[in-house]
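Source file: target34.cif; contents: mmCIF, C-alpha atoms.
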```cif
data_data
#
loop_
_atom_site.group_PDB
_atom_site.id
_atom_site.type_symbol
_atom_site.label_atom_id
_atom_site.label_comp_id
_atom_site.auth_asym_id
_atom_site.auth_seq_id
_atom_site.Cartn_x
_atom_site.Cartn_y
_atom_site.Cartn_z
ATOM 1 C CA MET A 1 0.000 0.000 0.000
ATOM 2 C CA LYS A 2 1.272 3.472 -0.906
ATOM 3 C CA SER A 3 0.726 6.599 1.162
ATOM 4 C CA ALA A 4 -0.243 9.942 -0.311
ATOM 5 C CA ALA A 5 3.457 10.770 -0.474
ATOM 6 C CA GLY A 6 4.115 7.644 -2.548
ATOM 7 C CA VAL A 7 5.840 5.764 0.275
ATOM 8 C CA ILE A 8 5.068 2.040 0.479
ATOM 9 C CA GLU A 9 3.484 1.332 3.847
ATOM 10 C CA PRO A 10 3.281 -2.105 5.491
ATOM 11 C CA SER A 11 -0.101 -3.809 5.472
ATOM 12 C CA ALA A 12 -2.043 -4.337 8.687
ATOM 13 C CA LEU A 13 -1.124 -8.033 8.590
ATOM 14 C CA GLN A 14 2.573 -7.202 8.253
ATOM 15 C CA VAL A 15 2.352 -4.850 11.229
ATOM 16 C CA VAL A 16 0.611 -7.506 13.352
ATOM 17 C CA PHE A 17 3.211 -10.119 12.384
ATOM 18 C CA SER A 18 6.048 -7.698 13.104
ATOM 19 C CA ASP A 19 4.593 -6.877 16.527
ATOM 20 C CA PHE A 20 4.121 -10.580 17.278
ATOM 21 C CA LYS A 21 7.794 -11.191 16.517
ATOM 22 C CA GLU A 22 8.749 -8.295 18.761
ATOM 23 C CA ILE A 23 6.491 -9.154 21.699
ATOM 24 C CA THR A 24 7.834 -12.728 21.641
ATOM 25 C CA LYS A 25 11.432 -11.645 20.832
ATOM 26 C CA ALA A 26 11.530 -13.960 17.848
ATOM 27 C CA ARG A 27 15.307 -13.980 17.347
ATOM 28 C CA LEU A 28 15.914 -14.888 20.983
ATOM 29 C CA ALA A 29 13.141 -17.491 20.898
ATOM 30 C CA VAL A 30 14.602 -19.132 17.786
ATOM 31 C CA SER A 31 18.038 -19.320 19.409
ATOM 32 C CA VAL A 32 16.458 -20.982 22.450
ATOM 33 C CA VAL A 33 14.660 -23.486 20.217
ATOM 34 C CA PHE A 34 17.994 -24.205 18.518
ATOM 35 C CA SER A 35 19.499 -25.050 21.928
ATOM 36 C CA ALA A 36 16.577 -27.320 22.783
ATOM 37 C CA ILE A 37 16.824 -29.172 19.465
ATOM 38 C CA ALA A 38 20.561 -29.644 19.994
ATOM 39 C CA GLY A 39 19.821 -31.175 23.398
ATOM 40 C CA TYR A 40 17.194 -33.436 21.846
ATOM 41 C CA LEU A 41 19.612 -34.678 19.188
ATOM 42 C CA LEU A 42 22.179 -35.443 21.880
ATOM 43 C CA GLY A 43 19.736 -37.430 23.990
ATOM 44 C CA ALA A 44 17.698 -39.249 21.342
ATOM 45 C CA ASP A 45 18.476 -42.830 20.384
ATOM 46 C CA GLU A 46 16.117 -42.411 17.449
ATOM 47 C CA ILE A 47 15.281 -39.051 15.906
ATOM 48 C CA ARG A 48 11.573 -38.676 15.212
ATOM 49 C CA PHE A 49 10.055 -35.791 13.314
ATOM 50 C CA LEU A 50 6.856 -35.193 15.288
ATOM 51 C CA PRO A 51 8.543 -34.871 18.715
ATOM 52 C CA LEU A 52 10.990 -32.391 17.161
ATOM 53 C CA VAL A 53 8.061 -30.317 15.910
ATOM 54 C CA PHE A 54 6.371 -30.434 19.331
ATOM 55 C CA LEU A 55 9.635 -29.372 20.981
ATOM 56 C CA ALA A 56 10.318 -26.560 18.518
ATOM 57 C CA VAL A 57 6.804 -25.093 18.527
ATOM 58 C CA GLY A 58 6.232 -25.719 22.229
ATOM 59 C CA GLY A 59 9.619 -24.264 23.084
ATOM 60 C CA TYR A 60 8.934 -21.157 21.010
ATOM 61 C CA CYS A 61 5.574 -20.735 22.724
ATOM 62 C CA MET A 62 7.124 -20.932 26.181
ATOM 63 C CA VAL A 63 9.906 -18.446 25.401
ATOM 64 C CA GLY A 64 7.511 -16.160 23.545
ATOM 65 C CA ALA A 65 5.080 -16.229 26.468
ATOM 66 C CA SER A 66 7.864 -15.369 28.925
ATOM 67 C CA ASN A 67 8.896 -12.396 26.815
ATOM 68 C CA ALA A 68 5.313 -11.211 26.372
ATOM 69 C CA PHE A 69 4.659 -11.369 30.132
ATOM 70 C CA ASN A 70 7.964 -9.528 30.654
ATOM 71 C CA GLN A 71 6.953 -6.722 28.313
ATOM 72 C CA VAL A 72 3.577 -6.358 30.006
ATOM 73 C CA ILE A 73 5.235 -6.040 33.417
ATOM 74 C CA GLU A 74 7.961 -3.675 32.206
ATOM 75 C CA ARG A 75 5.858 -1.590 29.792
ATOM 76 C CA ASN A 76 6.321 1.671 31.720
ATOM 77 C CA LEU A 77 10.056 1.134 32.135
ATOM 78 C CA ASP A 78 10.420 0.157 28.465
ATOM 79 C CA SER A 79 9.043 3.559 27.488
ATOM 80 C CA LEU A 80 12.014 5.208 29.251
ATOM 81 C CA MET A 81 14.746 3.383 27.325
ATOM 82 C CA HIS A 82 15.838 4.122 23.773
ATOM 83 C CA ARG A 83 16.120 0.495 22.693
ATOM 84 C CA THR A 84 12.680 -0.516 24.002
ATOM 85 C CA LYS A 85 10.481 2.573 23.758
ATOM 86 C CA ASN A 86 9.087 1.474 20.380
ATOM 87 C CA ARG A 87 8.111 -2.021 21.483
ATOM 88 C CA PRO A 88 4.470 -2.897 20.710
ATOM 89 C CA ILE A 89 3.002 -1.864 24.087
ATOM 90 C CA PRO A 90 4.892 1.407 24.802
ATOM 91 C CA GLY A 91 4.676 2.172 21.075
ATOM 92 C CA GLY A 92 0.876 2.043 21.320
ATOM 93 C CA ARG A 93 0.426 -0.681 18.685
ATOM 94 C CA MET A 94 -0.687 -3.376 21.148
ATOM 95 C CA SER A 95 -2.786 -3.090 24.281
ATOM 96 C CA VAL A 96 -1.893 -4.725 27.576
ATOM 97 C CA THR A 97 -4.945 -6.963 27.187
ATOM 98 C CA GLN A 98 -3.838 -8.131 23.745
ATOM 99 C CA ALA A 99 -0.334 -8.851 25.031
ATOM 100 C CA MET A 100 -1.694 -10.774 28.030
ATOM 101 C CA ILE A 101 -3.976 -12.867 25.816
ATOM 102 C CA THR A 102 -1.011 -13.634 23.555
ATOM 103 C CA ALA A 103 1.114 -14.650 26.554
ATOM 104 C CA ILE A 104 -1.598 -16.833 28.128
ATOM 105 C CA VAL A 105 -2.506 -18.597 24.879
ATOM 106 C CA MET A 106 1.160 -19.292 24.136
ATOM 107 C CA THR A 107 1.720 -20.566 27.681
ATOM 108 C CA LEU A 108 -1.150 -23.029 27.418
ATOM 109 C CA ALA A 109 -0.166 -24.133 23.914
ATOM 110 C CA GLY A 110 3.451 -24.581 24.995
ATOM 111 C CA ILE A 111 2.558 -26.640 28.068
ATOM 112 C CA VAL A 112 0.276 -28.917 26.040
ATOM 113 C CA LEU A 113 2.855 -29.494 23.298
ATOM 114 C CA LEU A 114 5.659 -30.182 25.773
ATOM 115 C CA TYR A 115 3.386 -32.453 27.822
ATOM 116 C CA LEU A 116 2.755 -34.511 24.686
ATOM 117 C CA LEU A 117 6.488 -35.224 24.749
ATOM 118 C CA ASN A 118 6.501 -36.135 28.444
ATOM 119 C CA PRO A 119 5.436 -34.564 31.764
ATOM 120 C CA LYS A 120 8.996 -33.718 32.853
ATOM 121 C CA THR A 121 9.519 -31.562 29.760
ATOM 122 C CA ALA A 122 6.281 -29.684 30.426
ATOM 123 C CA LEU A 123 7.296 -29.226 34.078
ATOM 124 C CA PHE A 124 10.673 -27.703 33.204
ATOM 125 C CA GLY A 125 9.098 -25.509 30.532
ATOM 126 C CA THR A 126 6.526 -24.218 33.007
ATOM 127 C CA LEU A 127 9.232 -23.658 35.609
ATOM 128 C CA SER A 128 11.210 -21.552 33.135
ATOM 129 C CA ILE A 129 8.217 -19.242 32.554
ATOM 130 C CA PHE A 130 7.624 -18.881 36.293
ATOM 131 C CA LEU A 131 11.274 -18.098 37.088
ATOM 132 C CA TYR A 132 11.656 -15.657 34.206
ATOM 133 C CA THR A 133 8.395 -13.823 34.838
ATOM 134 C CA CYS A 134 7.973 -13.979 38.599
ATOM 135 C CA VAL A 135 11.586 -13.978 39.849
ATOM 136 C CA TYR A 136 13.988 -12.562 37.249
ATOM 137 C CA THR A 137 11.768 -9.778 35.888
ATOM 138 C CA PRO A 138 10.827 -8.109 39.211
ATOM 139 C CA LEU A 139 14.391 -8.425 40.535
ATOM 140 C CA LYS A 140 15.924 -6.484 37.637
ATOM 141 C CA THR A 141 15.157 -3.146 39.272
ATOM 142 C CA VAL A 142 16.058 -4.343 42.770
ATOM 143 C CA THR A 143 19.415 -6.124 42.665
ATOM 144 C CA PRO A 144 22.161 -7.224 40.253
ATOM 145 C CA LEU A 145 21.452 -10.749 41.517
ATOM 146 C CA ALA A 146 18.619 -10.697 38.977
ATOM 147 C CA VAL A 147 21.123 -11.979 36.406
ATOM 148 C CA PHE A 148 21.856 -14.966 38.662
ATOM 149 C CA ALA A 149 18.122 -15.656 38.995
ATOM 150 C CA GLY A 150 17.633 -15.251 35.250
ATOM 151 C CA ALA A 151 20.450 -17.679 34.495
ATOM 152 C CA PHE A 152 18.286 -20.569 35.748
ATOM 153 C CA PRO A 153 15.440 -20.277 33.207
ATOM 154 C CA GLY A 154 18.000 -19.236 30.604
ATOM 155 C CA ALA A 155 19.959 -22.471 31.112
ATOM 156 C CA ILE A 156 16.961 -24.786 30.798
ATOM 157 C CA PRO A 157 16.622 -25.063 26.963
ATOM 158 C CA PHE A 158 19.759 -27.140 26.239
ATOM 159 C CA MET A 159 18.805 -29.461 29.097
ATOM 160 C CA LEU A 160 15.134 -29.469 28.065
ATOM 161 C CA GLY A 161 15.914 -31.079 24.730
ATOM 162 C CA TRP A 162 17.625 -34.033 26.416
ATOM 163 C CA VAL A 163 14.691 -34.480 28.824
ATOM 164 C CA ALA A 164 12.269 -34.278 25.878
ATOM 165 C CA ALA A 165 14.143 -37.082 24.116
ATOM 166 C CA THR A 166 14.671 -39.364 27.125
ATOM 167 C CA ASN A 167 12.072 -38.471 29.775
ATOM 168 C CA GLU A 168 14.986 -38.606 32.215
ATOM 169 C CA PHE A 169 16.861 -36.054 34.292
ATOM 170 C CA GLY A 170 20.360 -36.959 35.432
ATOM 171 C CA ILE A 171 24.019 -36.119 35.011
ATOM 172 C CA GLU A 172 23.710 -35.640 31.236
ATOM 173 C CA PRO A 173 21.030 -32.916 31.140
ATOM 174 C CA GLY A 174 22.512 -31.512 34.344
ATOM 175 C CA THR A 175 25.814 -30.990 32.526
ATOM 176 C CA LEU A 176 24.064 -29.336 29.569
ATOM 177 C CA PHE A 177 22.283 -27.076 32.057
ATOM 178 C CA MET A 178 25.558 -26.062 33.717
ATOM 179 C CA ILE A 179 27.224 -25.242 30.393
ATOM 180 C CA GLN A 180 24.495 -22.780 29.459
ATOM 181 C CA PHE A 181 24.186 -21.542 33.050
ATOM 182 C CA PHE A 182 27.818 -20.377 33.313
ATOM 183 C CA TRP A 183 27.743 -19.034 29.735
ATOM 184 C CA GLN A 184 24.957 -16.602 30.603
ATOM 185 C CA PHE A 185 27.042 -14.463 32.940
ATOM 186 C CA PRO A 186 29.720 -13.224 30.510
ATOM 187 C CA HIS A 187 27.069 -12.961 27.799
ATOM 188 C CA PHE A 188 24.595 -10.820 29.752
ATOM 189 C CA TRP A 189 27.189 -8.766 31.585
ATOM 190 C CA ALA A 190 28.806 -7.893 28.239
ATOM 191 C CA LEU A 191 25.353 -6.848 27.038
ATOM 192 C CA GLY A 192 24.768 -4.985 30.287
ATOM 193 C CA TRP A 193 28.071 -3.152 29.816
ATOM 194 C CA MET A 194 27.067 -2.117 26.296
ATOM 195 C CA LEU A 195 23.631 -0.885 27.359
ATOM 196 C CA ASP A 196 24.449 0.336 30.866
ATOM 197 C CA GLU A 197 23.316 3.931 30.325
ATOM 198 C CA ASP A 198 20.042 2.837 28.734
ATOM 199 C CA TYR A 199 19.389 0.240 31.434
ATOM 200 C CA LYS A 200 19.883 2.911 34.080
ATOM 201 C CA ARG A 201 17.158 5.025 32.448
ATOM 202 C CA GLY A 202 14.768 2.165 33.196
ATOM 203 C CA GLY A 203 16.198 1.568 36.664
ATOM 204 C CA PHE A 204 17.616 -1.852 35.820
ATOM 205 C CA LYS A 205 20.566 -3.167 37.814
ATOM 206 C CA MET A 206 22.301 -5.522 35.371
ATOM 207 C CA LEU A 207 26.022 -5.317 36.199
ATOM 208 C CA PRO A 208 27.256 -7.294 39.234
ATOM 209 C CA THR A 209 28.869 -4.293 40.931
ATOM 210 C CA GLY A 210 26.432 -1.788 39.483
ATOM 211 C CA LYS A 211 29.264 -0.173 37.543
ATOM 212 C CA LYS A 212 31.510 -0.726 34.543
ATOM 213 C CA ASP A 213 34.522 -1.368 36.731
ATOM 214 C CA THR A 214 37.280 -3.865 37.511
ATOM 215 C CA GLY A 215 35.013 -5.968 39.722
ATOM 216 C CA THR A 216 32.525 -6.500 36.906
ATOM 217 C CA VAL A 217 35.181 -7.557 34.390
ATOM 218 C CA LEU A 218 36.888 -9.889 36.860
ATOM 219 C CA GLN A 219 33.586 -11.678 37.399
ATOM 220 C CA ILE A 220 33.109 -11.916 33.642
ATOM 221 C CA ILE A 221 36.547 -13.547 33.351
ATOM 222 C CA MET A 222 35.864 -15.916 36.262
ATOM 223 C CA TYR A 223 32.577 -17.166 34.836
ATOM 224 C CA THR A 224 34.128 -17.512 31.388
ATOM 225 C CA LEU A 225 36.766 -19.801 32.884
ATOM 226 C CA TRP A 226 34.122 -21.901 34.634
ATOM 227 C CA MET A 227 32.178 -22.084 31.366
ATOM 228 C CA ILE A 228 35.227 -23.401 29.510
ATOM 229 C CA VAL A 229 35.866 -26.040 32.177
ATOM 230 C CA ILE A 230 32.323 -27.382 32.311
ATOM 231 C CA SER A 231 32.050 -27.375 28.503
ATOM 232 C CA ILE A 232 34.851 -29.928 28.159
ATOM 233 C CA VAL A 233 34.081 -32.072 31.221
ATOM 234 C CA PRO A 234 32.311 -34.790 29.139
ATOM 235 C CA VAL A 235 35.655 -35.660 27.502
ATOM 236 C CA PHE A 236 36.707 -37.279 30.800
ATOM 237 C CA GLY A 237 33.923 -39.873 30.633
ATOM 238 C CA ILE A 238 32.218 -38.882 33.877
ATOM 239 C CA THR A 239 28.917 -37.559 32.475
ATOM 240 C CA GLY A 240 27.028 -40.757 31.723
ATOM 241 C CA ARG A 241 25.824 -41.060 28.135
ATOM 242 C CA LEU A 242 26.971 -37.551 27.298
ATOM 243 C CA HIS A 243 30.329 -38.026 25.606
ATOM 244 C CA LEU A 244 32.852 -35.757 23.900
ATOM 245 C CA SER A 245 35.828 -36.876 21.826
ATOM 246 C CA VAL A 246 39.279 -35.416 22.361
ATOM 247 C CA PRO A 247 39.307 -33.504 19.029
ATOM 248 C CA ALA A 248 35.879 -32.027 19.797
ATOM 249 C CA ALA A 249 36.995 -31.062 23.304
ATOM 250 C CA ILE A 250 40.084 -29.332 21.884
ATOM 251 C CA LEU A 251 37.927 -27.389 19.413
ATOM 252 C CA ILE A 252 35.557 -26.298 22.186
ATOM 253 C CA PHE A 253 38.489 -25.381 24.432
ATOM 254 C CA LEU A 254 40.013 -23.202 21.694
ATOM 255 C CA ALA A 255 36.657 -21.511 21.100
ATOM 256 C CA GLY A 256 36.492 -20.820 24.832
ATOM 257 C CA LEU A 257 39.971 -19.280 24.745
ATOM 258 C CA VAL A 258 38.800 -16.923 21.996
ATOM 259 C CA MET A 259 35.933 -15.785 24.194
ATOM 260 C CA LEU A 260 38.303 -15.473 27.150
ATOM 261 C CA TRP A 261 40.607 -13.303 25.045
ATOM 262 C CA PHE A 262 37.740 -10.914 24.351
ATOM 263 C CA ALA A 263 36.973 -10.847 28.092
ATOM 264 C CA LEU A 264 40.608 -9.950 28.787
ATOM 265 C CA ARG A 265 40.433 -7.231 26.135
ATOM 266 C CA LEU A 266 37.438 -5.777 27.948
ATOM 267 C CA TYR A 267 39.496 -5.789 31.149
ATOM 268 C CA GLU A 268 42.219 -3.889 29.330
ATOM 269 C CA LEU A 269 40.156 -1.381 27.338
ATOM 270 C CA ARG A 270 36.915 -0.994 29.343
ATOM 271 C CA ASP A 271 34.997 0.289 26.294
ATOM 272 C CA ARG A 272 31.696 -0.444 24.592
ATOM 273 C CA ALA A 273 33.344 -1.859 21.472
ATOM 274 C CA SER A 274 35.179 -4.504 23.511
ATOM 275 C CA ALA A 275 31.972 -5.424 25.346
ATOM 276 C CA ARG A 276 30.184 -5.808 22.023
ATOM 277 C CA LYS A 277 32.899 -8.110 20.678
ATOM 278 C CA LEU A 278 32.662 -10.220 23.825
ATOM 279 C CA MET A 279 28.884 -10.421 23.527
ATOM 280 C CA LEU A 280 29.063 -11.467 19.863
ATOM 281 C CA SER A 281 31.790 -14.011 20.609
ATOM 282 C CA SER A 282 29.608 -15.488 23.354
ATOM 283 C CA VAL A 283 26.736 -15.976 20.883
ATOM 284 C CA SER A 284 29.121 -17.652 18.460
ATOM 285 C CA TYR A 285 30.536 -19.819 21.251
ATOM 286 C CA ILE A 286 27.259 -21.276 22.493
ATOM 287 C CA THR A 287 26.094 -21.967 18.946
ATOM 288 C CA LEU A 288 29.413 -23.538 17.953
ATOM 289 C CA ILE A 289 29.696 -25.868 20.925
ATOM 290 C CA GLN A 290 26.139 -27.120 20.490
ATOM 291 C CA VAL A 291 26.864 -27.907 16.845
ATOM 292 C CA VAL A 292 30.160 -29.569 17.800
ATOM 293 C CA TYR A 293 28.496 -31.695 20.481
ATOM 294 C CA VAL A 294 25.840 -32.908 18.039
ATOM 295 C CA ILE A 295 28.247 -33.606 15.167
ATOM 296 C CA ASP A 296 30.660 -35.352 17.542
ATOM 297 C CA LYS A 297 27.882 -37.665 18.721
ATOM 298 C CA PHE A 298 26.998 -38.774 15.214
ATOM 299 C CA LEU A 299 30.606 -39.138 14.113
ATOM 300 C CA ALA A 300 31.593 -41.217 17.135
#
```

As structure tokens, please, write out the structure in this file.
Amino acid sequence: MKSAAGVIEPSALQVVFSDFKEITKARLAVSVVFSAIAGYLLGADEIRFLPLVFLAVGGYCMVGASNAFNQVIERNLDSLMHRTKNRPIPGGRMSVTQAMITAIVMTLAGIVLLYLLNPKTALFGTLSIFLYTCVYTPLKTVTPLAVFAGAFPGAIPFMLGWVAATNEFGIEPGTLFMIQFFWQFPHFWALGWMLDEDYKRGGFKMLPTGKKDTGTVLQIIMYTLWMIVISIVPVFGITGRLHLSVPAAILIFLAGLVMLWFALRLYELRDRASARKLMLSSVSYITLIQVVYVIDKFLA
């Protein structure tokens, strides 16, 4: 459709679809689904198409619902920050009621789809929504420990895939959980460093010391080291059915060193550009190791 000035305007359907992607944080949700599928492939003895579909769609629904609830709760704070002020609710394109209906419908759909896989998967999916919405979200304006609370629901997806495939929770999904748990700290603190001024406009306390200082970077480095260690633990044969070959472990270790190097550069330079490079390297790291784990399983 063209406006009077001859500019092509998006159709109403395009606007609705765009707002749906934004209220559910589609890019984040897809990355979470990717983690869950990787966990499923690691745990499954036989890969079946329908369970993968249930996991992918159900997982998206659960993450999308969490993000929609989050944006309802934080709508007034979102209007204060540059990066969020044009989200569907503060931007006036979606009402609180519409967002709540979206979140509730997606929650119910997600629980049903994950329950069709097995009850444990539905339980962990439901727990992730509760922790994200009722613990992490309200704590963000109260204490930097919100990131610690948020790391629990954020670490569930990789583990969730294994549980979906096996209907079991043990050392294997526990290890997958710990990998993604420790990864979250350097990832989100790098993001918090980048967006510190904007977060402060909304009253969010995202950095561990509340400042872009030595203490924050030292914690980033410490958690990066723990992440590297736990990521290669399966090579020692102590994580049940979750195995990792020596070549795969070396590749993951080297990828971890790259991320550690960017963390050390942030310690040295203390600038936004270094924080951004660390954040991007963390995204590459978690994606790479999940791919390596899956390929290593099928090549073994």

*asked:* Between CA of Ala255 (chain A) and CA of Ser231 (chain A), what is the distance in Å, rounded to a tenth?
replied: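 About the pair CA of Ala255 (chain A) and CA of Ser231 (chain A): they are 10.5 Å apart.
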
*With a distance cut-off of 7 Å and all atoms listed in the file, select the neighbouring residues of region 262-264 of chain A, excluding the residue or stretch itself and same-chain residues fewer than 4 positions from it, and output the selection as a PyMOL selection string.*
chain A and resi 220-221+258+268+274+277-278

*asked:* For this structure, which residues satisfy the selection - the PyMOL selection byres ((chain A and resi 105) around 12) - when it is evaluated on the file as given? I want them as JSON, numbers by chain.
replied: {"A": [58, 61, 62, 64, 65, 66, 68, 69, 98, 99, 100, 101, 102, 103, 104, 106, 107, 108, 109, 110, 111, 112]}

Please save C-alpha atoms of the selected residues as a PDB file, keeping the file's coordinate frame.
```pdb
ATOM      1  CA  GLY A  58       6.232 -25.719  22.229  1.00  0.00           C
ATOM      2  CA  CYS A  61       5.574 -20.735  22.724  1.00  0.00           C
ATOM      3  CA  MET A  62       7.124 -20.932  26.181  1.00  0.00           C
ATOM      4  CA  GLY A  64       7.511 -16.160  23.545  1.00  0.00           C
ATOM      5  CA  ALA A  65       5.080 -16.229  26.468  1.00  0.00           C
ATOM      6  CA  SER A  66       7.864 -15.369  28.925  1.00  0.00           C
ATOM      7  CA  ALA A  68       5.313 -11.211  26.372  1.00  0.00           C
ATOM      8  CA  PHE A  69       4.659 -11.369  30.132  1.00  0.00           C
ATOM      9  CA  GLN A  98      -3.838  -8.131  23.745  1.00  0.00           C
ATOM     10  CA  ALA A  99      -0.334  -8.851  25.031  1.00  0.00           C
ATOM     11  CA  MET A 100      -1.694 -10.774  28.030  1.00  0.00           C
ATOM     12  CA  ILE A 101      -3.976 -12.867  25.816  1.00  0.00           C
ATOM     13  CA  THR A 102      -1.011 -13.634  23.555  1.00  0.00           C
ATOM     14  CA  ALA A 103       1.114 -14.650  26.554  1.00  0.00           C
ATOM     15  CA  ILE A 104      -1.598 -16.833  28.128  1.00  0.00           C
ATOM     16  CA  MET A 106       1.160 -19.292  24.136  1.00  0.00           C
ATOM     17  CA  THR A 107       1.720 -20.566  27.681  1.00  0.00           C
ATOM     18  CA  LEU A 108      -1.150 -23.029  27.418  1.00  0.00           C
ATOM     19  CA  ALA A 109      -0.166 -24.133  23.914  1.00  0.00           C
ATOM     20  CA  GLY A 110       3.451 -24.581  24.995  1.00  0.00           C
ATOM     21  CA  ILE A 111       2.558 -26.640  28.068  1.00  0.00           C
ATOM     22  CA  VAL A 112       0.276 -28.917  26.040  1.00  0.00           C
TER      23      VAL A 112
END
```

*asked:* Starting from the PyMOL selection byres ((chain A and resi 234-236) around 9), expand the selection into actual residues of this file and give them as a list in words.
replied: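 Residues picked by the PyMOL selection byres ((chain A and resi 234-236) around 9): Glu172, Thr175, Ile230, Ser231, Ile232, Val233, Gly237, Ile238, Thr239, Gly240, Leu242, His243, Leu244, Ser245, Val246, Ala248 and Ala249 of chain A.
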
*Tell me which residues the PyMOL selection byres ((chain A and resi 163-166) around 12) grabs here, as a PyMOL selection string.*
chain A and resi 36-56+58-59+113-125+156-162+167-174+176-177+241

*Pick the closest to Val32 (chain A) from A:Gln290, A:Gln219, A:Ser11, A:Thr209: which is it, counting all atoms listed in the file?*
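Counting all atoms listed in the file, the residue closest to Val32 (chain A) is A:Gln290.
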
*CA of Phe181 (chain A) and CA of Tyr285 (chain A), how far apart in Å?*
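Atom-to-atom, CA of Tyr285 (chain A) to CA of Phe181 (chain A), that is 13.5 Å.
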
*Grab the CA of Gln184 (chain A) to CA of Met222 (chain A) distance for me, in Å with one decimal place.*
12.3 Å

Centre, edges in Å (one decimal): axis-aligned box, region 161-180 of chain A, 4 Å padding on all six sides, as JSON:
```
{"center_x": 19.6, "center_y": -31.1, "center_z": 29.8, "size_x": 23.2, "size_y": 24.6, "size_z": 19.3}
```

*Write out as a PyMOL selection string which residues come within 9 Å of Asp198 (chain A) when counting all atoms listed in the file, dropping same-chain ones fewer than 2 positions away.*
chain A and resi 80-83+194-196+200-204

*Point out the residue among A:Lys205, A:Arg27, A:Arg270, A:His187 with the least atom-to-atom distance to Val217 (chain A), counting all atoms listed in the file.*
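Ranking A:Lys205, A:Arg27, A:Arg270, A:His187 by distance to Val217 (chain A), first place goes to A:Arg270.
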
*Tell me, as a list in words, which residues lie within 7 Å of Ile89 (chain A), counting all atoms listed in the file; anything in the same chain fewer than 6 positions away does not count.*
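That gives Arg75, Ser95 and Val96 of chain A.
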
Write the residues of the preceding selection, restricted to C-alpha atoms, as a CSV table (one decimal), in the coordinates of the input.
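Wrote result_36.csv, looks like this:
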```csv
chain,number,residue,atom,x,y,z
A,75,ARG,CA,5.9,-1.6,29.8
A,95,SER,CA,-2.8,-3.1,24.3
A,96,VAL,CA,-1.9,-4.7,27.6
```

*Name the residues in contact with region 134-140 of chain A at a cut-off of 8 Å, using only C-alpha atoms, excluding same-chain residues fewer than 6 positions from it; report them as a list in words.*
Asn70, Ile73, Ala146, Val147, Ala149, Gly150, Phe204, Lys205 and Met206 of chain A

*In terms of the shortest atom-to-atom distance over only C-alpha atoms, which of A:Phe17, A:Ile250, A:Ser31, A:Ile286 is closest to Met94 (chain A)?*
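Looking at the shortest contact to Met94 (chain A), the residue is A:Phe17.
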
_Restricting the calculation to all atoms listed in the file: of A:Ser128, A:Ser35, A:Thr143, A:Ser18, which residue gets closest to Pro88 (chain A)?_
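Checking each candidate against Pro88 (chain A), we get A:Ser18 as the closest.
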
_Could you check the closest approach to Asp271 (chain A) for each of A:Leu257, A:Leu77, A:Leu28, A:Ala190 and tell me which residue wins, using all atoms listed in the file?_
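Ranking A:Leu257, A:Leu77, A:Leu28, A:Ala190 by distance to Asp271 (chain A), first place goes to A:Ala190.
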
*Return the single residue from A:Ala29, A:Thr24, A:Trp189, A:Ala275 that is closest to Gly215 (chain A), with distances computed using only C-alpha atoms.*
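The answer is A:Trp189, which sits nearest to Gly215 (chain A).
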
Please return region 61-68 of chain A, rebuilt to N, CA, C and O atoms, as a PDB file, in the coordinates of the input.
```
ATOM      1  N   CYS A  61       6.719 -21.271  21.973  1.00  0.00           N
ATOM      2  CA  CYS A  61       5.574 -20.735  22.724  1.00  0.00           C
ATOM      3  C   CYS A  61       5.969 -20.355  24.147  1.00  0.00           C
ATOM      4  O   CYS A  61       5.570 -19.287  24.653  1.00  0.00           O
ATOM      5  N   MET A  62       6.748 -21.199  24.797  1.00  0.00           N
ATOM      6  CA  MET A  62       7.124 -20.932  26.181  1.00  0.00           C
ATOM      7  C   MET A  62       8.037 -19.714  26.290  1.00  0.00           C
ATOM      8  O   MET A  62       7.856 -18.855  27.158  1.00  0.00           O
ATOM      9  N   VAL A  63       9.012 -19.611  25.382  1.00  0.00           N
ATOM     10  CA  VAL A  63       9.906 -18.446  25.401  1.00  0.00           C
ATOM     11  C   VAL A  63       9.132 -17.195  25.014  1.00  0.00           C
ATOM     12  O   VAL A  63       9.282 -16.130  25.637  1.00  0.00           O
ATOM     13  N   GLY A  64       8.308 -17.311  23.971  1.00  0.00           N
ATOM     14  CA  GLY A  64       7.511 -16.160  23.545  1.00  0.00           C
ATOM     15  C   GLY A  64       6.583 -15.672  24.633  1.00  0.00           C
ATOM     16  O   GLY A  64       6.411 -14.462  24.834  1.00  0.00           O
ATOM     17  N   ALA A  65       5.973 -16.601  25.368  1.00  0.00           N
ATOM     18  CA  ALA A  65       5.080 -16.229  26.468  1.00  0.00           C
ATOM     19  C   ALA A  65       5.851 -15.502  27.562  1.00  0.00           C
ATOM     20  O   ALA A  65       5.390 -14.480  28.101  1.00  0.00           O
ATOM     21  N   SER A  66       7.030 -16.018  27.900  1.00  0.00           N
ATOM     22  CA  SER A  66       7.864 -15.369  28.925  1.00  0.00           C
ATOM     23  C   SER A  66       8.174 -13.935  28.531  1.00  0.00           C
ATOM     24  O   SER A  66       8.089 -13.007  29.350  1.00  0.00           O
ATOM     25  N   ASN A  67       8.547 -13.732  27.278  1.00  0.00           N
ATOM     26  CA  ASN A  67       8.896 -12.396  26.815  1.00  0.00           C
ATOM     27  C   ASN A  67       7.683 -11.476  26.763  1.00  0.00           C
ATOM     28  O   ASN A  67       7.795 -10.282  27.047  1.00  0.00           O
ATOM     29  N   ALA A  68       6.525 -12.032  26.400  1.00  0.00           N
ATOM     30  CA  ALA A  68       5.313 -11.211  26.372  1.00  0.00           C
ATOM     31  C   ALA A  68       4.917 -10.787  27.786  1.00  0.00           C
ATOM     32  O   ALA A  68       4.578  -9.614  28.025  1.00  0.00           O
TER      33      ALA A  68
END
```
